[in-house]
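Coordinates as given in structure.tsv (TSV, C-alpha atoms):
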chain	number	residue	atom	x	y	z
A	126	GLU	CA	21.37	-2.44	-2.80
A	127	LEU	CA	20.42	-5.74	-1.20
A	128	MET	CA	21.75	-6.12	2.32
A	129	LYS	CA	23.17	-9.34	3.71
A	130	ASP	CA	24.07	-9.39	7.37
A	131	LYS	CA	26.16	-11.77	9.44
A	132	GLU	CA	23.18	-14.08	10.01
A	133	GLU	CA	22.57	-14.60	6.31
A	134	ILE	CA	19.42	-12.48	6.26
A	135	TYR	CA	18.47	-10.44	3.25
A	136	GLY	CA	16.55	-7.21	2.93
A	137	TRP	CA	16.59	-3.50	2.22
A	138	ARG	CA	16.98	-0.32	4.26
A	139	ARG	CA	14.70	2.69	3.82
A	140	ASP	CA	17.70	4.93	3.25
A	141	LEU	CA	20.58	3.33	1.38
A	142	GLU	CA	22.87	6.21	2.31
A	143	ASP	CA	22.60	5.41	6.03
A	144	VAL	CA	24.70	2.28	6.44
A	145	GLU	CA	23.84	2.06	10.14
A	146	GLN	CA	20.12	1.91	9.44
A	147	PRO	CA	18.52	-1.49	10.12
A	148	LEU	CA	16.48	-3.44	7.62
A	149	SER	CA	13.04	-2.03	6.90
A	150	ALA	CA	9.94	-4.23	6.72
A	151	MET	CA	8.29	-1.92	4.18
A	152	ALA	CA	11.37	-1.54	1.98
A	153	THR	CA	12.10	-5.27	2.09
A	154	ALA	CA	8.50	-6.17	1.28
A	155	TYR	CA	8.34	-3.79	-1.67
A	156	GLY	CA	11.77	-4.95	-2.81
A	157	LEU	CA	10.70	-8.58	-2.87
A	158	GLN	CA	7.44	-7.73	-4.62
A	159	ALA	CA	9.24	-5.76	-7.31
A	160	ILE	CA	11.79	-8.49	-7.95
A	161	LEU	CA	9.13	-11.19	-8.18
A	162	LEU	CA	6.92	-9.06	-10.40
A	163	ALA	CA	9.80	-8.42	-12.78
A	164	GLY	CA	10.32	-12.14	-13.34
A	165	THR	CA	13.98	-13.17	-13.62
A	166	ARG	CA	15.86	-12.26	-10.45
A	167	ASP	CA	19.42	-12.07	-9.23
A	168	TRP	CA	20.56	-15.49	-8.00
A	169	ARG	CA	21.70	-13.87	-4.73
A	170	VAL	CA	18.11	-13.02	-3.76
A	171	ASP	CA	17.06	-15.95	-1.61
A	172	LEU	CA	13.29	-15.98	-1.11
A	173	ARG	CA	13.50	-18.22	1.93
A	174	LEU	CA	15.83	-15.77	3.65
A	175	GLY	CA	13.66	-12.88	2.49
A	176	ARG	CA	10.66	-14.48	4.17
A	177	GLU	CA	12.73	-15.09	7.28
A	178	VAL	CA	13.76	-11.46	7.66
A	179	LEU	CA	10.17	-10.28	7.31
A	180	ARG	CA	9.02	-12.75	9.95
A	181	ARG	CA	11.81	-11.57	12.27
A	182	LEU	CA	10.77	-7.95	11.78
A	183	GLU	CA	7.23	-8.69	12.93
A	184	LEU	CA	6.30	-7.00	16.19
A	185	PRO	CA	5.82	-9.12	19.36
A	186	HIS	CA	2.05	-8.60	19.29
A	187	GLY	CA	1.81	-9.12	15.55
A	188	GLY	CA	1.94	-6.91	12.50
A	189	TRP	CA	4.70	-4.70	11.13
A	190	SER	CA	5.66	-1.08	11.79
A	191	ALA	CA	6.79	1.60	9.37
A	192	LEU	CA	9.82	2.55	11.50
A	193	ASP	CA	12.26	0.11	13.06
A	194	LYS	CA	11.85	1.50	16.60
A	195	SER	CA	8.09	1.92	16.52
A	196	PRO	CA	6.02	-0.55	18.60
A	197	LEU	CA	2.89	0.29	16.60
A	198	ALA	CA	1.70	-2.09	13.88
A	199	ARG	CA	0.66	-0.11	10.84
A	200	PRO	CA	-2.13	-1.61	8.71
A	201	GLU	CA	-0.72	-0.40	5.39
A	202	VAL	CA	2.76	-1.77	6.20
A	203	THR	CA	1.30	-5.04	7.47
A	204	ALA	CA	-0.71	-5.39	4.27
A	205	VAL	CA	2.31	-4.86	2.02
A	206	VAL	CA	4.37	-7.36	4.03
A	207	ILE	CA	1.60	-9.96	3.85
A	208	GLY	CA	1.42	-9.47	0.09
A	209	ALA	CA	5.18	-9.87	-0.28
A	210	LEU	CA	5.25	-12.98	1.91
A	211	THR	CA	2.45	-14.49	-0.17
A	212	ASP	CA	4.36	-13.79	-3.38
A	213	ALA	CA	7.53	-15.24	-1.86
A	214	GLY	CA	5.82	-18.54	-0.99
A	215	GLU	CA	5.02	-18.21	2.72
A	216	SER	CA	2.80	-20.93	4.20
A	217	PRO	CA	-0.98	-20.45	3.74
A	218	ASP	CA	-1.63	-20.90	7.47
A	219	TYR	CA	0.81	-18.13	8.38
A	220	ILE	CA	-0.71	-15.83	5.76
A	221	ALA	CA	-4.28	-16.56	6.87
A	222	GLU	CA	-3.45	-15.71	10.48
A	223	ARG	CA	-1.79	-12.43	9.48
A	224	ILE	CA	-4.76	-11.49	7.29
A	225	ARG	CA	-7.03	-11.96	10.30
A	226	LEU	CA	-4.69	-9.73	12.30
A	227	LEU	CA	-4.71	-7.08	9.58
A	228	VAL	CA	-8.52	-7.06	9.56
A	229	GLU	CA	-8.50	-6.55	13.33
A	230	ILE	CA	-6.05	-3.66	13.01
A	231	LEU	CA	-8.11	-2.03	10.28
A	232	ASP	CA	-11.29	-2.44	12.29
A	233	ARG	CA	-9.66	-0.59	15.19
A	234	ARG	CA	-8.11	2.15	13.07
A	235	VAL	CA	-10.76	3.12	10.55
A	236	VAL	CA	-13.32	4.05	13.20
A	237	GLY	CA	-11.02	6.70	14.67
A	238	ALA	CA	-8.49	9.17	13.38
A	239	GLU	CA	-7.18	6.75	10.74
A	240	ARG	CA	-10.55	6.88	9.03
A	241	ALA	CA	-9.66	10.35	7.80
A	242	ARG	CA	-6.59	9.09	5.92
A	243	PRO	CA	-7.61	7.36	2.67
A	244	TYR	CA	-4.00	6.26	2.09
A	245	ILE	CA	-4.29	3.73	4.92
A	246	LEU	CA	-7.28	2.03	3.32
A	247	THR	CA	-6.14	2.23	-0.29
A	248	THR	CA	-2.77	0.62	0.44
A	249	SER	CA	-4.29	-2.08	2.64
A	250	LEU	CA	-7.20	-2.85	0.33
A	251	LEU	CA	-5.04	-2.99	-2.78
A	252	GLU	CA	-2.94	-5.75	-1.21
A	253	LEU	CA	-6.03	-7.52	0.14
A	254	SER	CA	-7.64	-7.51	-3.31
A	255	ARG	CA	-5.48	-10.47	-4.31
A	256	LEU	CA	-5.63	-12.33	-1.02
A	257	ASP	CA	-8.18	-14.63	0.56
A	258	VAL	CA	-10.51	-12.18	2.30
A	259	PRO	CA	-14.26	-12.72	2.86
A	260	GLU	CA	-16.38	-10.52	0.62
A	261	ALA	CA	-18.35	-9.09	3.54
A	262	THR	CA	-15.11	-7.98	5.22
A	263	ALA	CA	-13.77	-6.38	2.07
A	264	ARG	CA	-17.02	-4.54	1.40
A	265	ARG	CA	-17.08	-3.16	4.93
A	266	PHE	CA	-13.78	-1.41	4.32
A	267	LEU	CA	-14.65	-0.46	0.75
A	268	ASP	CA	-17.75	1.31	2.07
A	269	VAL	CA	-15.49	3.42	4.30
A	270	LEU	CA	-13.24	4.27	1.35
A	271	VAL	CA	-16.25	5.29	-0.72
A	272	ASP	CA	-17.51	7.49	2.13
A	273	LEU	CA	-14.16	9.31	2.22
A	274	SER	CA	-14.51	10.49	-1.38
A	275	ILE	CA	-15.33	14.09	-2.23
A	276	ASP	CA	-17.58	15.33	-5.01
A	277	ASP	CA	-15.79	17.86	-7.20
A	278	ASP	CA	-17.94	19.20	-10.01
A	279	GLY	CA	-19.59	15.85	-10.68
A	280	ALA	CA	-16.53	13.61	-10.27
A	281	ARG	CA	-15.18	11.88	-7.20
A	282	GLY	CA	-11.77	12.43	-5.63
A	283	TRP	CA	-9.99	11.60	-2.40
A	284	PRO	CA	-8.12	14.07	-0.17
A	285	VAL	CA	-4.90	13.63	1.76
A	286	ILE	CA	-6.88	14.00	4.98
A	287	VAL	CA	-10.65	14.17	5.39
A	288	ARG	CA	-11.32	17.17	7.59
A	289	ASP	CA	-14.32	17.98	9.70
A	290	THR	CA	-16.73	20.02	7.61
A	291	SER	CA	-16.41	22.93	10.04
A	292	LEU	CA	-12.70	23.20	9.16
A	293	GLY	CA	-13.31	23.47	5.46
A	294	ASP	CA	-12.75	21.03	2.62
A	295	SER	CA	-9.11	20.38	1.72
A	296	GLY	CA	-10.10	19.16	-1.75
A	297	PRO	CA	-9.05	16.00	-3.60
A	298	SER	CA	-5.42	15.01	-4.05
A	299	THR	CA	-4.15	13.58	-7.34
A	300	VAL	CA	-1.94	11.04	-5.57
A	301	HIS	CA	-4.63	9.84	-3.18
A	302	THR	CA	-7.30	9.78	-5.85
A	303	ALA	CA	-5.07	7.72	-8.13
A	304	ALA	CA	-4.45	5.25	-5.30
A	305	ALA	CA	-8.19	4.98	-4.62
A	306	VAL	CA	-8.96	4.44	-8.32
A	307	ARG	CA	-6.44	1.58	-8.51
A	308	THR	CA	-7.92	0.00	-5.40
A	309	LEU	CA	-11.53	0.32	-6.50
A	310	ALA	CA	-10.73	-0.98	-9.97
A	311	ALA	CA	-9.04	-4.05	-8.47
A	312	TRP	CA	-12.04	-4.88	-6.29
A	313	ALA	CA	-14.50	-4.07	-9.09
A	314	SER	CA	-12.73	-6.67	-11.21
A	315	ARG	CA	-12.67	-9.22	-8.39
A	316	PHE	CA	-16.38	-8.82	-7.57
A	317	ASP	CA	-17.49	-7.86	-11.10
A	318	ASP	CA	-19.16	-4.90	-9.39
A	319	ASP	CA	-20.49	-2.13	-11.63
A	320	GLY	CA	-20.93	0.22	-8.67
A	321	LEU	CA	-17.27	0.07	-7.71
A	322	ARG	CA	-16.29	0.24	-11.37
A	323	GLY	CA	-18.37	3.37	-11.84
A	324	LEU	CA	-16.77	5.04	-8.85
A	325	ALA	CA	-13.30	4.16	-10.14
A	326	GLU	CA	-14.25	5.66	-13.50
A	327	SER	CA	-15.47	8.81	-11.77
A	328	GLY	CA	-12.11	9.11	-10.00
A	329	ARG	CA	-10.34	8.52	-13.29
A	330	ALA	CA	-12.38	11.31	-14.88
A	331	TRP	CA	-11.35	13.65	-12.06
A	332	LEU	CA	-7.68	12.75	-12.60
A	333	GLU	CA	-7.94	13.30	-16.34
A	334	ARG	CA	-9.45	16.71	-15.68
A	335	GLN	CA	-6.41	17.70	-13.57
A	336	ALA	CA	-3.82	16.45	-16.03
A	337	LEU	CA	-1.89	18.70	-18.39
A	338	LEU	CA	-3.07	16.93	-21.52
A	339	ASP	CA	-3.43	19.88	-23.89
A	340	LEU	CA	0.10	21.28	-23.92
A	341	ASP	CA	1.55	22.00	-27.34
A	342	ASP	CA	5.20	21.37	-28.19
A	343	GLU	CA	6.27	24.94	-27.39
A	344	THR	CA	4.60	24.84	-23.96
A	345	LEU	CA	6.26	21.50	-23.21
A	346	ARG	CA	9.67	22.95	-24.04
A	347	ILE	CA	9.05	25.86	-21.70
A	348	GLU	CA	7.80	23.57	-18.89
A	349	ARG	CA	10.86	21.34	-19.20
A	350	ALA	CA	13.20	24.31	-19.19
A	351	ASP	CA	11.57	25.71	-16.05
A	352	GLY	CA	11.34	22.40	-14.17

Re-express the file's structure as structure tokens.
Amino acid sequence: ELMKDKEEIYGWRRDLEDVEQPLSAMATAYGLQAILLAGTRDWRVDLRLGREVLRRLELPHGGWSALDKSPLARPEVTAVVIGALTDAGESPDYIAERIRLLVEILDRRVVGAERARPYILTTSLLELSRLDVPEATARRFLDVLVDLSIDDDGARGWPVIVRDTSLGDSGPSTVHTAAAVRTLAAWASRFDDDGLRGLAESGRAWLERQALLDLDDETLRIERADG
């Protein structure tokens, strides 16, 4: 459901069941991206007003937060919003300034606790893969993403959280590995980089190994009945 408030601003809430919930930067950004990607859109979706609501949701010091009351700019949310604004026709100067801000946020976050969360980098880098980012900057963050991978019987995967080795290895996650593979494949295509492509293929091989690809018809019927 697309929201339209008294000031003629459009967007989406995170939870459609909570009518008191304010517009969400992340939900609105993903909503606009999905509509634009699908092609023909509802005539009521005004891209100018969509851009306006995203600009209004930006924090005073720049960037966008995941939650409406949070004062902290999240890199992955900021990246998705920048991507949506680009798709919706925002001015190049505005986009360039926000990309610089996103790079600053990532530089601060990936050297600390955020470094251990591959999701932050995969989401941010996937959006940046289609934006105007210097190659040296992109490779700096890609190197961090590569370092966060885990070897699992000859293939590479990515965990939910990278733990200190003394705490034990949490092992790769299918969701986070899939996100990393998409990101690496996008940058491999952009740079025509066989190294990144090979790492993406290694992650793909790990995912294929985890998939239930050998179920016969009887097993599938049982799985569906149980689940």

Self-check item: Separation of CA of Val258 in chain A from CA of Asp218 in chain A in Å
Solution: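 A separation of 13.5 Å between them.
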
Exercise. May I ask which of the residues A:Val228, A:Met151, A:Val170, A:Val205 is the closest one to Asp193 in chain A, counting all atoms listed in the file?
Key: A:Met151

Exercise. Using CA of Glu326 in chain A and CA of Phe266 in chain A as the two end points, give the distance in Å to one decimal.
Key: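 For CA of Glu326 in chain A relative to CA of Phe266 in chain A, the distance reads 19.2 Å.
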
Where does range 164-248 of chain A meet range 299-311 of chain A within 9 Å, residue by residue, with the nearest atom pair and distance in Å to one decimal for each, counting all atoms listed in the file, listed by chain and rising number, as a tab-separated table?
residue	atom	partner	partner_atom	distance
A:Pro243	CA	A:His301	CA	7.0
A:Tyr244	CA	A:His301	CA	6.4
A:Leu246	CA	A:Ala305	CA	8.5
A:Thr247	CA	A:Ala305	CA	5.5
A:Thr248	CA	A:Ala304	CA	7.6

Take every atom of range 238-256 of chain A listed in the file, fit an axis-aligned box around them, add 8 Å per side, and give the centre and edge lengths in Å to one decimal as AutoDock Vina command-line options.
--center_x -6.7 --center_y -1.0 --center_z 4.5 --size_x 23.8 --size_y 38.7 --size_z 33.7

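In this model, the gap between CA of Trp283 in chain A and CA of Ser298 in chain A comes to 5.9 Å.
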
Quiz item: Which neighbours of Arg234 in chain A fall inside 12 Å, counting all atoms listed in the file, when residues of the same chain fewer than 4 positions from it are skipped, and could you give them as a list in words?
Solution: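 Here the answer would be Leu197, Ala198, Arg199, Pro200, Glu201, Leu227, Val228, Glu229, Ile230, Ala238, Glu239, Arg240, Ala241, Arg242, Pro243, Ile245, Leu246, Ser249, Phe266 and Val269 of chain A.
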
Quiz item: Near Asp257 in chain A, counting only C-alpha atoms, which residues have an atom at most 9 Å away, once you skip same-chain residues fewer than 4 positions from it, shown as JSON, numbers by chain?
Solution: {"A": [221, 224, 253]}

Practice problem: Counting all atoms listed in the file, write as a ChimeraX atom specification all protein and nucleic acid residues lying at most 12 Å from (-15.1, 2.7, -9.4) in the file's frame. | Solution: /A:267-268,270-271,274,280-282,302-314,316-331
